[in-house]
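Text of final.cif (mmCIF, C-alpha atoms) as supplied:
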data_model
loop_
_atom_site.label_atom_id
_atom_site.label_comp_id
_atom_site.auth_asym_id
_atom_site.auth_seq_id
_atom_site.Cartn_x
_atom_site.Cartn_y
_atom_site.Cartn_z
CA LEU Q 1 -29.65 -17.58 7.51
CA LEU Q 2 -26.82 -16.43 5.27
CA PHE Q 3 -23.57 -15.22 6.76
CA VAL Q 4 -23.19 -11.96 4.85
CA LEU Q 5 -19.68 -10.87 3.91
CA GLY Q 6 -18.78 -7.53 2.40
CA THR Q 7 -16.97 -9.18 -0.49
CA VAL Q 8 -20.13 -10.70 -1.91
CA SER Q 9 -22.97 -8.63 -0.50
CA CYS Q 10 -24.03 -6.01 -3.02
CA THR Q 11 -27.06 -5.15 -0.92
CA LEU Q 12 -24.90 -4.37 2.09
CA PHE Q 13 -22.88 -1.81 0.16
CA LEU Q 14 -25.94 -0.29 -1.49
CA ALA Q 15 -27.25 0.38 1.98
CA VAL Q 16 -24.00 1.83 3.33
CA ASN Q 17 -22.16 2.78 0.16
CA GLY Q 18 -19.23 4.37 1.94
CA LEU Q 19 -19.59 6.74 4.88
CA TYR Q 20 -19.03 9.92 2.85
CA SER Q 21 -20.74 11.59 -0.10
CA ALA Q 22 -19.93 14.27 -2.66
CA SER Q 23 -21.68 16.88 -0.51
CA ASP Q 24 -19.12 16.45 2.29
CA ASP Q 25 -15.80 18.29 2.50
CA VAL Q 26 -14.12 14.89 2.86
CA ILE Q 27 -12.52 13.90 -0.47
CA GLU Q 28 -13.26 10.29 -1.45
CA LEU Q 29 -10.07 8.55 -2.58
CA THR Q 30 -9.70 5.39 -4.69
CA PRO Q 31 -6.83 3.57 -6.42
CA THR Q 32 -7.74 5.56 -9.55
CA ASN Q 33 -7.30 9.05 -8.08
CA PHE Q 34 -5.03 8.48 -5.04
CA ASN Q 35 -1.73 8.99 -6.83
CA LYS Q 36 -2.83 12.19 -8.56
CA GLU Q 37 -4.75 13.69 -5.62
CA VAL Q 38 -2.45 12.78 -2.72
CA ILE Q 39 0.99 11.58 -3.84
CA GLN Q 40 1.58 14.22 -6.51
CA SER Q 41 0.01 16.99 -4.43
CA GLU Q 42 1.91 19.82 -2.75
CA SER Q 43 -0.75 19.88 -0.01
CA LEU Q 44 -0.71 18.23 3.40
CA TRP Q 45 -3.26 15.39 3.52
CA LEU Q 46 -5.00 13.56 6.35
CA VAL Q 47 -6.41 10.27 5.03
CA GLU Q 48 -8.73 7.91 6.88
CA PHE Q 49 -8.79 4.25 5.79
CA TYR Q 50 -12.17 2.84 6.85
CA ALA Q 51 -14.71 0.07 6.32
CA PRO Q 52 -18.43 0.92 6.11
CA TRP Q 53 -19.36 -1.88 8.54
CA CYS Q 54 -16.84 -0.83 11.23
CA GLY Q 55 -18.49 0.68 14.32
CA HIS Q 56 -15.46 2.79 15.27
CA CYS Q 57 -15.44 4.23 11.72
CA GLN Q 58 -19.13 5.08 11.87
CA ARG Q 59 -18.57 6.94 15.16
CA LEU Q 60 -15.60 8.82 13.68
CA THR Q 61 -17.51 9.94 10.55
CA PRO Q 62 -19.23 13.09 11.94
CA GLU Q 63 -15.97 14.23 13.60
CA TRP Q 64 -14.00 13.60 10.40
CA LYS Q 65 -16.53 15.63 8.39
CA LYS Q 66 -16.40 18.45 10.93
CA ALA Q 67 -12.58 18.50 10.79
CA ALA Q 68 -12.64 18.49 6.97
CA THR Q 69 -14.95 21.53 6.92
CA ALA Q 70 -12.80 23.40 9.45
CA LEU Q 71 -9.60 22.64 7.51
CA LYS Q 72 -11.04 23.42 4.06
CA GLY Q 73 -8.53 25.34 1.96
CA VAL Q 74 -5.80 24.73 4.56
CA VAL Q 75 -5.28 20.95 4.81
CA LYS Q 76 -6.89 18.31 2.59
CA VAL Q 77 -8.93 15.62 4.35
CA GLY Q 78 -9.68 12.38 2.51
CA ALA Q 79 -11.14 8.94 3.10
CA VAL Q 80 -10.53 5.52 1.51
CA ASP Q 81 -13.06 2.68 1.71
CA ALA Q 82 -10.30 0.13 2.37
CA ASP Q 83 -12.76 -2.75 2.51
CA LYS Q 84 -13.70 -2.02 -1.11
CA HIS Q 85 -10.15 -1.04 -2.13
CA GLN Q 86 -8.08 -3.62 -0.25
CA SER Q 87 -4.99 -3.16 -2.43
CA LEU Q 88 -4.81 0.51 -1.44
CA GLY Q 89 -5.20 -0.37 2.25
CA GLY Q 90 -2.58 -3.10 1.91
CA GLN Q 91 -0.21 -0.66 0.22
CA TYR Q 92 -0.14 1.43 3.40
CA GLY Q 93 -0.07 -1.49 5.85
CA VAL Q 94 -3.67 -1.02 7.05
CA ARG Q 95 -4.52 -3.96 9.36
CA GLY Q 96 -7.50 -2.51 11.26
CA PHE Q 97 -10.10 0.23 11.00
CA PRO Q 98 -10.12 3.15 11.16
CA THR Q 99 -6.46 3.87 10.36
CA ILE Q 100 -5.48 7.53 9.84
CA LYS Q 101 -2.33 8.55 7.95
CA ILE Q 102 -0.72 11.97 7.51
CA PHE Q 103 0.85 12.60 4.09
CA GLY Q 104 3.22 15.53 4.57
CA ALA Q 105 6.27 16.82 2.71
CA ASN Q 106 7.54 13.36 1.77
CA LYS Q 107 4.47 11.62 0.38
CA ASN Q 108 6.38 8.34 0.22
CA LYS Q 109 6.64 8.26 4.02
CA ALA Q 110 3.16 8.64 5.51
CA GLU Q 111 2.98 9.04 9.29
CA ASP Q 112 0.47 7.25 11.51
CA TYR Q 113 -1.95 9.54 13.35
CA GLN Q 114 -2.18 8.36 16.96
CA GLY Q 115 -4.25 11.21 18.44
CA GLY Q 116 -7.82 11.49 19.68
CA ARG Q 117 -10.89 10.83 17.52
CA THR Q 118 -12.56 14.22 18.06
CA SER Q 119 -12.63 16.98 15.44
CA ASP Q 120 -10.65 19.25 17.81
CA ALA Q 121 -7.85 16.68 18.21
CA ILE Q 122 -7.76 15.99 14.45
CA VAL Q 123 -7.56 19.71 13.59
CA ASP Q 124 -4.80 20.27 16.19
CA ALA Q 125 -2.73 17.43 14.72
CA ALA Q 126 -3.27 18.72 11.17
CA LEU Q 127 -2.13 22.24 12.07
CA SER Q 128 0.89 20.87 13.94
CA ALA Q 129 1.90 18.79 10.91
CA LEU Q 130 1.32 21.79 8.64
CA ARG Q 131 3.57 23.95 10.81
CA SER Q 132 6.36 21.32 10.52
CA LEU Q 133 5.94 21.14 6.75
CA VAL Q 134 6.18 24.95 6.36
CA LYS Q 135 9.24 25.15 8.67
CA ASP Q 136 10.93 22.40 6.63
CA ARG Q 137 10.33 24.38 3.45
CA LEU Q 138 11.68 27.52 5.12
CA SER Q 139 14.89 25.69 6.01
CA GLY Q 140 15.19 24.24 2.51
CA ARG Q 141 14.21 20.65 3.40
CA SER Q 142 11.44 19.87 0.94
CA GLY Q 143 11.40 16.07 1.20
CA GLY Q 144 9.01 16.21 -1.72
CA TYR Q 145 7.70 13.64 -4.12
CA SER Q 146 10.67 12.65 -6.28
CA SER Q 147 8.84 11.04 -9.17
CA GLY Q 148 5.80 13.27 -9.54
CA LYS Q 149 5.27 16.43 -11.53
CA GLN Q 150 8.91 17.51 -11.44
CA SER Q 151 10.20 14.39 -13.18
CA ARG Q 152 7.54 14.55 -15.89
CA GLU Q 153 8.37 18.18 -16.61
CA SER Q 154 12.05 17.39 -16.93
CA GLY Q 155 11.22 14.66 -19.43
CA GLY Q 156 11.95 11.55 -17.37
CA GLY Q 157 12.53 9.91 -14.04
CA ASP Q 158 15.81 9.17 -12.34
CA LYS Q 159 16.77 5.56 -13.16
CA LYS Q 160 18.73 5.08 -9.91
CA ASP Q 161 16.20 2.57 -8.50
CA VAL Q 162 15.94 0.42 -11.63
CA ILE Q 163 18.35 -2.52 -11.22
CA GLU Q 164 20.26 -3.37 -14.42
CA LEU Q 165 20.63 -7.13 -14.84
CA THR Q 166 22.85 -9.17 -17.16
CA ASP Q 167 23.34 -12.80 -18.21
CA ASP Q 168 25.95 -13.08 -15.44
CA SER Q 169 24.08 -11.36 -12.61
CA PHE Q 170 20.50 -12.50 -13.25
CA ASP Q 171 20.34 -15.84 -11.43
CA LYS Q 172 22.29 -14.64 -8.41
CA ASN Q 173 19.98 -11.64 -7.94
CA VAL Q 174 16.58 -12.90 -9.06
CA ILE Q 175 16.15 -16.67 -9.06
CA ASN Q 176 17.20 -17.33 -5.46
CA SER Q 177 15.73 -14.12 -4.05
CA ASP Q 178 12.95 -14.00 -1.45
CA ASP Q 179 11.83 -10.71 -3.01
CA VAL Q 180 9.46 -10.22 -5.94
CA TRP Q 181 11.06 -9.00 -9.17
CA MET Q 182 9.41 -7.21 -12.09
CA VAL Q 183 11.89 -7.36 -14.97
CA GLU Q 184 11.63 -5.37 -18.19
CA PHE Q 185 13.39 -6.85 -21.23
CA TYR Q 186 14.11 -3.99 -23.66
CA ALA Q 187 16.02 -3.00 -26.78
CA PRO Q 188 17.77 0.40 -26.89
CA TRP Q 189 16.35 1.18 -30.38
CA CYS Q 190 12.74 0.36 -29.41
CA GLY Q 191 10.38 3.38 -29.31
CA HIS Q 192 7.90 1.73 -26.91
CA CYS Q 193 10.80 0.99 -24.55
CA LYS Q 194 11.84 4.65 -24.61
CA ASN Q 195 8.27 5.68 -23.77
CA LEU Q 196 8.20 3.19 -20.90
CA GLU Q 197 11.58 4.22 -19.46
CA PRO Q 198 10.50 7.29 -17.39
CA GLU Q 199 7.38 5.47 -16.14
CA TRP Q 200 9.42 2.40 -15.14
CA ALA Q 201 12.02 4.61 -13.39
CA ALA Q 202 9.41 6.61 -11.46
CA ALA Q 203 7.56 3.42 -10.49
CA ALA Q 204 10.82 1.81 -9.33
CA THR Q 205 11.46 4.63 -6.85
CA GLU Q 206 7.96 4.59 -5.40
CA VAL Q 207 7.71 0.80 -5.25
CA LYS Q 208 11.05 0.64 -3.44
CA GLU Q 209 9.72 3.12 -0.83
CA GLN Q 210 6.28 1.56 -0.43
CA THR Q 211 7.43 -2.05 -0.19
CA LYS Q 212 10.68 -1.42 1.73
CA GLY Q 213 12.54 -3.01 -1.18
CA LYS Q 214 10.52 -6.24 -1.14
CA VAL Q 215 9.38 -5.69 -4.73
CA LYS Q 216 12.18 -4.75 -7.13
CA LEU Q 217 11.99 -3.30 -10.63
CA ALA Q 218 14.79 -4.29 -12.99
CA ALA Q 219 15.77 -4.02 -16.66
CA VAL Q 220 17.63 -6.28 -19.07
CA ASP Q 221 19.04 -5.10 -22.41
CA ALA Q 222 17.90 -8.13 -24.40
CA THR Q 223 20.08 -7.20 -27.41
CA VAL Q 224 23.23 -7.65 -25.29
CA ASN Q 225 22.06 -10.39 -22.89
CA GLN Q 226 20.86 -12.82 -25.53
CA MET Q 227 21.08 -15.90 -23.27
CA LEU Q 228 18.39 -14.44 -21.01
CA ALA Q 229 16.29 -13.31 -23.97
CA SER Q 230 16.43 -16.82 -25.41
CA ARG Q 231 15.81 -18.54 -22.07
CA TYR Q 232 12.60 -16.58 -21.45
CA GLY Q 233 11.39 -16.58 -25.06
CA ILE Q 234 11.50 -12.80 -25.54
CA ARG Q 235 9.98 -12.07 -28.96
CA GLY Q 236 9.03 -8.37 -28.71
CA PHE Q 237 9.99 -5.27 -26.77
CA PRO Q 238 9.37 -4.25 -24.10
CA THR Q 239 8.40 -7.53 -22.43
CA ILE Q 240 7.85 -7.46 -18.64
CA LYS Q 241 8.00 -10.63 -16.57
CA ILE Q 242 7.27 -11.22 -12.87
CA PHE Q 243 9.57 -13.53 -10.90
CA GLN Q 244 8.63 -14.95 -7.49
CA LYS Q 245 10.59 -17.55 -5.55
CA GLY Q 246 9.52 -21.11 -6.28
CA GLU Q 247 7.19 -20.11 -9.13
CA ASP Q 248 7.50 -19.98 -12.90
CA PRO Q 249 7.80 -16.44 -14.26
CA VAL Q 250 4.57 -14.87 -15.52
CA ASP Q 251 4.03 -12.11 -18.08
CA TYR Q 252 2.92 -8.70 -16.86
CA ASP Q 253 0.12 -7.65 -19.20
CA GLY Q 254 -1.10 -4.53 -17.38
CA GLY Q 255 -0.91 -0.87 -18.37
CA ARG Q 256 2.38 0.90 -19.05
CA THR Q 257 1.90 3.99 -16.86
CA ARG Q 258 3.70 4.39 -13.55
CA SER Q 259 0.39 4.16 -11.66
CA ASP Q 260 -0.50 0.84 -13.40
CA ILE Q 261 2.95 -0.58 -12.65
CA ILE Q 262 2.86 0.61 -9.03
CA ALA Q 263 -0.63 -0.84 -8.49
CA ARG Q 264 0.47 -4.27 -9.73
CA ALA Q 265 3.68 -4.17 -7.68
CA LEU Q 266 1.70 -3.36 -4.54
CA ASP Q 267 -0.74 -6.19 -5.23
CA LEU Q 268 2.26 -8.53 -5.49
CA PHE Q 269 3.57 -7.07 -2.23
CA SER Q 270 0.28 -7.65 -0.37
CA ASP Q 271 0.19 -11.22 -1.74
CA ASN Q 272 3.60 -11.74 -0.13
CA ALA Q 273 2.93 -9.68 3.02
CA PRO Q 274 3.02 -11.41 6.41
CA PRO Q 275 -0.25 -12.90 7.69
CA PRO Q 276 -2.22 -11.17 10.45
CA GLU Q 277 -1.19 -11.78 14.05
CA LEU Q 278 -2.68 -14.73 15.94
CA LEU Q 279 -3.49 -13.41 19.43
CA GLU Q 280 -4.39 -15.21 22.65
CA ILE Q 281 -7.50 -13.83 24.38
CA ILE Q 282 -5.98 -12.84 27.71
CA ASN Q 283 -8.19 -9.79 28.35
CA GLU Q 284 -11.31 -8.04 27.08
CA ASP Q 285 -9.44 -5.43 25.05
CA ILE Q 286 -7.76 -8.03 22.78
CA LEU Q 287 -11.11 -9.61 21.92
CA LYS Q 288 -13.02 -6.36 21.39
CA SER Q 289 -10.35 -4.41 19.52
CA THR Q 290 -9.68 -7.34 17.16
CA CYS Q 291 -13.33 -8.13 16.49
CA ASP Q 292 -14.42 -4.47 16.18
CA ALA Q 293 -11.62 -3.62 13.73
CA HIS Q 294 -12.14 -6.56 11.36
CA GLN Q 295 -15.06 -7.78 9.32
CA LEU Q 296 -14.76 -11.23 10.87
CA CYS Q 297 -12.78 -12.55 13.79
CA ILE Q 298 -11.89 -16.23 13.77
CA ILE Q 299 -11.82 -17.57 17.34
CA SER Q 300 -10.39 -21.01 18.19
CA VAL Q 301 -10.81 -22.75 21.53
CA LEU Q 302 -7.97 -25.23 21.96
CA PRO Q 303 -7.88 -28.18 24.37
CA HIS Q 304 -6.45 -27.70 27.86
CA ILE Q 305 -2.65 -27.78 27.90
CA LEU Q 306 -2.71 -30.95 30.08
CA ASP Q 307 -4.60 -32.72 27.28
CA THR Q 308 -2.22 -31.83 24.45
CA GLY Q 309 1.10 -30.66 25.86
CA ALA Q 310 3.07 -27.91 24.13
CA SER Q 311 3.68 -29.89 20.90
CA GLY Q 312 -0.02 -30.67 20.45
CA ARG Q 313 -1.03 -27.07 21.07
CA ASN Q 314 1.63 -25.77 18.67
CA SER Q 315 0.36 -28.09 15.94
CA TYR Q 316 -3.13 -26.53 16.31
CA LEU Q 317 -1.64 -23.03 16.29
CA ASP Q 318 0.33 -23.91 13.14
CA VAL Q 319 -2.90 -24.89 11.37
CA MET Q 320 -4.43 -21.53 12.34
CA LEU Q 321 -1.34 -19.63 11.16
CA LYS Q 322 -1.46 -21.41 7.79
CA MET Q 323 -5.12 -20.45 7.40
CA ALA Q 324 -4.40 -16.86 8.45
CA GLU Q 325 -1.76 -16.76 5.71
CA LYS Q 326 -4.11 -18.26 3.12
CA TYR Q 327 -6.92 -15.80 3.89
CA LYS Q 328 -4.79 -12.75 4.77
CA LYS Q 329 -6.25 -10.59 1.99
CA LYS Q 330 -9.65 -10.89 3.68
CA MET Q 331 -8.29 -8.75 6.55
CA TRP Q 332 -9.84 -10.94 9.25
CA GLY Q 333 -8.77 -11.02 12.91
CA TRP Q 334 -7.41 -14.27 14.43
CA LEU Q 335 -7.75 -15.22 18.12
CA TRP Q 336 -7.45 -18.27 20.34
CA THR Q 337 -8.07 -19.29 23.94
CA GLU Q 338 -7.76 -22.43 26.08
CA ALA Q 339 -10.77 -24.58 26.86
CA GLY Q 340 -12.34 -23.38 30.11
CA ALA Q 341 -10.34 -20.12 30.30
CA GLN Q 342 -13.21 -18.08 28.80
CA SER Q 343 -16.20 -20.30 29.57
CA ASP Q 344 -18.74 -17.45 29.18
CA LEU Q 345 -17.43 -16.76 25.68
CA GLU Q 346 -17.63 -20.45 24.82
CA SER Q 347 -21.27 -20.56 25.96
CA SER Q 348 -22.19 -17.48 23.94
CA LEU Q 349 -20.71 -19.11 20.81
CA GLY Q 350 -22.23 -22.54 21.39
CA ILE Q 351 -18.78 -24.12 21.79
CA GLY Q 352 -18.17 -27.18 23.92
CA GLY Q 353 -20.85 -29.52 22.62
CA PHE Q 354 -18.59 -30.78 19.83
CA GLY Q 355 -15.51 -31.03 22.06
CA TYR Q 356 -12.17 -29.35 21.48
CA PRO Q 357 -10.54 -27.91 19.47
CA ALA Q 358 -13.41 -25.73 18.24
CA MET Q 359 -13.66 -22.69 15.98
CA ALA Q 360 -16.18 -19.89 15.49
CA ALA Q 361 -16.20 -17.06 12.95
CA VAL Q 362 -17.81 -13.98 14.50
CA ASN Q 363 -19.28 -10.94 12.77
CA ALA Q 364 -19.12 -8.43 15.66
CA ARG Q 365 -21.15 -5.83 13.77
CA LYS Q 366 -24.13 -8.18 13.44
CA MET Q 367 -23.26 -10.16 16.60
CA LYS Q 368 -23.67 -13.39 14.67
CA PHE Q 369 -21.36 -16.38 14.43
CA ALA Q 370 -20.83 -19.54 12.43
CA LEU Q 371 -19.38 -22.70 13.94
CA LEU Q 372 -16.85 -25.08 12.39
CA LYS Q 373 -18.64 -28.42 12.11
CA GLY Q 374 -15.90 -30.24 10.18
CA SER Q 375 -12.44 -31.29 11.31
CA PHE Q 376 -9.98 -28.84 12.88
CA SER Q 377 -7.50 -29.40 10.05
CA GLU Q 378 -6.25 -27.36 7.11
CA GLN Q 379 -8.82 -29.02 4.86
CA GLY Q 380 -11.73 -28.75 7.30
CA ILE Q 381 -11.04 -25.11 8.21
CA ASN Q 382 -10.40 -24.17 4.59
CA GLU Q 383 -13.82 -25.55 3.56
CA PHE Q 384 -15.46 -23.71 6.47
CA LEU Q 385 -13.82 -20.36 5.63
CA ARG Q 386 -14.33 -20.77 1.89
CA GLU Q 387 -18.07 -21.23 2.46
CA LEU Q 388 -18.16 -18.11 4.63
CA SER Q 389 -16.20 -16.06 2.10
CA VAL Q 390 -18.86 -16.68 -0.56
CA GLY Q 391 -21.74 -15.93 1.81
CA ARG Q 392 -22.80 -19.50 2.58
CA GLY Q 393 -22.99 -21.34 5.89
CA SER Q 394 -25.50 -21.24 8.73
CA THR Q 395 -25.18 -18.61 11.45
CA ALA Q 396 -26.66 -17.97 14.87
CA PRO Q 397 -26.87 -14.87 17.10
CA VAL Q 398 -24.18 -14.53 19.77
CA GLY Q 399 -25.74 -15.56 23.09
CA GLY Q 400 -27.00 -12.49 24.95
CA GLY Q 401 -26.54 -10.31 21.84
CA ALA Q 402 -23.10 -9.09 22.95
CA PHE Q 403 -19.74 -10.45 23.97
CA PRO Q 404 -19.82 -11.71 27.57
CA LYS Q 405 -17.39 -10.82 30.35
CA ILE Q 406 -13.82 -11.78 29.43
CA HIS Q 407 -11.59 -12.97 32.25
CA LEU Q 408 -8.02 -11.78 32.74
CA VAL Q 409 -5.72 -14.77 32.25
CA GLU Q 410 -1.99 -15.28 32.17
CA PRO Q 411 -0.67 -15.76 28.61
CA TRP Q 412 0.52 -19.24 27.74
CA ASP Q 413 4.25 -19.58 28.48
CA GLY Q 414 4.84 -22.01 25.62
CA LYS Q 415 5.53 -24.92 27.98
CA ASP Q 416 3.78 -28.18 28.82
CA GLY Q 417 1.21 -27.89 31.59
CA GLU Q 418 1.85 -29.03 35.15
CA LEU Q 419 -0.61 -30.82 37.39
CA PRO Q 420 -1.43 -28.87 40.57
CA VAL Q 421 0.79 -29.89 43.50
CA GLU Q 422 -1.19 -31.83 46.11
CA ASP Q 423 -0.44 -31.48 49.85
CA ASP Q 424 1.49 -34.44 51.27
CA ILE Q 425 -0.53 -36.28 53.94
CA ASP Q 426 1.40 -36.90 57.16
CA LEU Q 427 0.36 -40.34 58.52
CA SER Q 428 2.84 -40.42 61.42
CA ASP Q 429 0.21 -39.61 64.06
CA VAL Q 430 -2.36 -42.14 62.86
CA ASP Q 431 -2.53 -45.46 64.75
CA LEU Q 432 -3.20 -47.73 61.84
CA ASP Q 433 -3.66 -50.83 64.07
CA ASP Q 434 -6.48 -49.19 66.03
CA TRP Q 435 -8.01 -47.82 62.80
CA ASP Q 436 -8.05 -51.35 61.33
CA LYS Q 437 -9.73 -52.76 64.45
CA ASP Q 438 -12.40 -50.09 64.41
CA GLU Q 439 -13.11 -50.79 60.78
CA LEU Q 440 -13.48 -54.47 61.53
#

Structure encoded using structure tokens:
Amino acid sequence: LLFVLGTVSCTLFLAVNGLYSASDDVIELTPTNFNKEVIQSESLWLVEFYAPWCGHCQRLTPEWKKAATALKGVVKVGAVDADKHQSLGGQYGVRGFPTIKIFGANKNKAEDYQGGRTSDAIVDAALSALRSLVKDRLSGRSGGYSSGKQSRESGGGDKKDVIELTDDSFDKNVINSDDVWMVEFYAPWCGHCKNLEPEWAAAATEVKEQTKGKVKLAAVDATVNQMLASRYGIRGFPTIKIFQKGEDPVDYDGGRTRSDIIARALDLFSDNAPPPELLEIINEDILKSTCDAHQLCIISVLPHILDTGASGRNSYLDVMLKMAEKYKKKMWGWLWTEAGAQSDLESSLGIGGFGYPAMAAVNARKMKFALLKGSFSEQGINEFLRELSVGRGSTAPVGGGAFPKIHLVEPWDGKDGELPVEDDIDLSDVDLDDWDKDEL
């Protein structure tokens, strides 16, 4: 059997090519049209980020369509296949499915929708957000999109978020920074640089908002700062280079529009984003919500604390965290439990026969799993996950066809384990001399 992953399975997406079609009132959004349709729009938008394989998303679909029809002409309702367009999901911090965002007056600050998943609840939330938007306009607080249509009509963007760098300030700001820098080297007389200027300025503002300042756009006048121009071999203008801590600078060779620049900046941001959380399975909700919301959940069963102590357990957790970081763009869920704490789950995943630690990758939609057969090390786990990510590796059905009962357990306190205290035996009333005689 092949362990089918969305990233490589064309047949899977032909069968469920998104949950919405052109005949619906839900507007399909992609990285190509998102900026124009949503960000530059005057309308209020409700946007669902979904994955076609996600059960919760499939159940939401008819309600989302119903809400879109009811709100037609009043509020725009869209949907993003965030499994297909991971950079767009990453741009808005989507870690599970479905995630719903409200894009109101300030399109740079989307709000999370936390309400019910019925069409009634969705419509109520939309109308409430619309009322707030209209009242803000009435009171003169537009909070609108600062680098959209208005800036183009006025002939350029505000350069306030482009950081000007010089020979003197470059190293201090860029080289030792934990942030990602996109630096444009320009010449004031260069026509291409002048064309780029409003796009670079508009992108700088949006990238600053979307990445909370973790990706910075800067500019260097290479005719004045000739040491920098020489150091980085600048031969033509504009030249854009990407600087990341601990790495050699690389040339940016993408498009010169604000949307191209923003898309690359957000890809760099998601590359540098924190890894997913590693959660201990202490109740049923943690297991089900993690495995339902992600294409795969990676479950480790670690040895009992008395066998490893805190330092041994932490070394296993560190290996998992490193792997979660390495594979973070896959948007997988990461879980762990102690040997024996969830024995029914272990049985259903065929864990225990190879000893501990053990690892299984579970596809909750298909209720199938693959088991790590190699070593529980960075190399062994990397080989296991790499095979899965290209659709190879043997799988088996989860025992019983569903997750078993999950027991409530106390979360690990981070300390070494303690042996259970045994009752002291009081021998004061025992006549040992008589006992010895009887034995003899």

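Using only C-alpha atoms, the contacts of Ile27 (chain Q) at a cut-off of 10 Å, with sequence neighbours closer than 6 positions omitted, comprise Tyr20, Ser21, Glu37, Val47, Lys65, Ala68, Lys76, Val77, Gly78, Ala79 and Val80 of chain Q.
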
Which residues are near Leu130 (chain Q)? Cut-off 12 Å, all atoms listed in the file, ignore same chain within fewer than 5 positions. Put them as a list in words.
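Surrounding residues, per the criterion: Glu42, Ser43, Leu44, Trp45, Leu46, Leu71, Val74, Val75, Lys76, Ile102, Phe103, Gly104, Ala105, Val123, Asp124, Ala125, Lys135, Asp136 and Arg137 of chain Q.
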
Keeping only C-alpha atoms, write those residues as a short mmCIF file (atom, residue, chain, number, x, y, z; two decimals), keeping the file's coordinate frame.
data_model
loop_
_atom_site.label_atom_id
_atom_site.label_comp_id
_atom_site.auth_asym_id
_atom_site.auth_seq_id
_atom_site.Cartn_x
_atom_site.Cartn_y
_atom_site.Cartn_z
CA GLU Q 42 1.91 19.82 -2.75
CA SER Q 43 -0.75 19.88 -0.01
CA LEU Q 44 -0.71 18.23 3.40
CA TRP Q 45 -3.26 15.39 3.52
CA LEU Q 46 -5.00 13.56 6.35
CA LEU Q 71 -9.60 22.64 7.51
CA VAL Q 74 -5.80 24.73 4.56
CA VAL Q 75 -5.28 20.95 4.81
CA LYS Q 76 -6.89 18.31 2.59
CA ILE Q 102 -0.72 11.97 7.51
CA PHE Q 103 0.85 12.60 4.09
CA GLY Q 104 3.22 15.53 4.57
CA ALA Q 105 6.27 16.82 2.71
CA VAL Q 123 -7.56 19.71 13.59
CA ASP Q 124 -4.80 20.27 16.19
CA ALA Q 125 -2.73 17.43 14.72
CA LYS Q 135 9.24 25.15 8.67
CA ASP Q 136 10.93 22.40 6.63
CA ARG Q 137 10.33 24.38 3.45
#

May I have the protein, DNA and RNA residues with any atom at most 6 Å from the point (-7.5, -10.7, 12.1), counting only C-alpha atoms, written as number ranges by chain?
Q: 276, 297, 331-334

Would you write out those residues with C-alpha atoms, as a PDB file, keeping the file's coordinate frame?
ATOM      1  CA  PRO Q 276      -2.220 -11.170  10.450  1.00  0.00           C
ATOM      2  CA  CYS Q 297     -12.780 -12.550  13.790  1.00  0.00           C
ATOM      3  CA  MET Q 331      -8.290  -8.750   6.550  1.00  0.00           C
ATOM      4  CA  TRP Q 332      -9.840 -10.940   9.250  1.00  0.00           C
ATOM      5  CA  GLY Q 333      -8.770 -11.020  12.910  1.00  0.00           C
ATOM      6  CA  TRP Q 334      -7.410 -14.270  14.430  1.00  0.00           C
TER       7      TRP Q 334
END

Selected by the PyMOL selection byres ((chain Q and resi 19) around 9) in the shown coordinates: which residues, as a PDB file with C-alpha atoms, in the coordinates of the input?
ATOM      1  CA  VAL Q  16     -24.000   1.830   3.330  1.00  0.00           C
ATOM      2  CA  ASN Q  17     -22.160   2.780   0.160  1.00  0.00           C
ATOM      3  CA  GLY Q  18     -19.230   4.370   1.940  1.00  0.00           C
ATOM      4  CA  TYR Q  20     -19.030   9.920   2.850  1.00  0.00           C
ATOM      5  CA  SER Q  21     -20.740  11.590  -0.100  1.00  0.00           C
ATOM      6  CA  TYR Q  50     -12.170   2.840   6.850  1.00  0.00           C
ATOM      7  CA  ALA Q  51     -14.710   0.070   6.320  1.00  0.00           C
ATOM      8  CA  PRO Q  52     -18.430   0.920   6.110  1.00  0.00           C
ATOM      9  CA  CYS Q  57     -15.440   4.230  11.720  1.00  0.00           C
ATOM     10  CA  GLN Q  58     -19.130   5.080  11.870  1.00  0.00           C
ATOM     11  CA  THR Q  61     -17.510   9.940  10.550  1.00  0.00           C
ATOM     12  CA  ALA Q  79     -11.140   8.940   3.100  1.00  0.00           C
ATOM     13  CA  ASP Q  81     -13.060   2.680   1.710  1.00  0.00           C
TER      14      ASP Q  81
END

Using all atoms listed in the file, which protein or nucleic acid residues come within 8 Å of region 294-296 of chain Q? Drop anything in the same chain fewer than 3 positions from it, and give the result as a ChimeraX atom specification.
/Q:5-6,53-54,96-97,290-291,331-333,361-365

Box for region 401-413 of chain Q: with edges along x, y and z, all listed atoms inside and 5 Å added on each side, what are the centre and edge lengths in Å to one decimal, as JSON?
{"center_x": -11.1, "center_y": -14.3, "center_z": 27.3, "size_x": 40.8, "size_y": 20.5, "size_z": 20.9}

Check what the PyMOL selection byres ((chain Q and resi 220-234) around 9) selects in the file above and give those residues as an NGL selection string.
:Q and (163-168 or 170 or 183-188 or 218-219 or 235-239 or 241 or 249)

CA of Asp260 (chain Q) sits from CA of Gly93 (chain Q) at a separation of 19.4 Å

Please report the interatomic distance between CA of Ile381 (chain Q) and CA of Ile286 (chain Q) in Å with one decimal.
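Distance reported for this atom pair: 22.7 Å.
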
From the list Q:Ala110, Q:Leu278, Q:Ile122, Q:Val38, which residue is nearest Leu60 (chain Q) when using only C-alpha atoms?
Q:Ile122
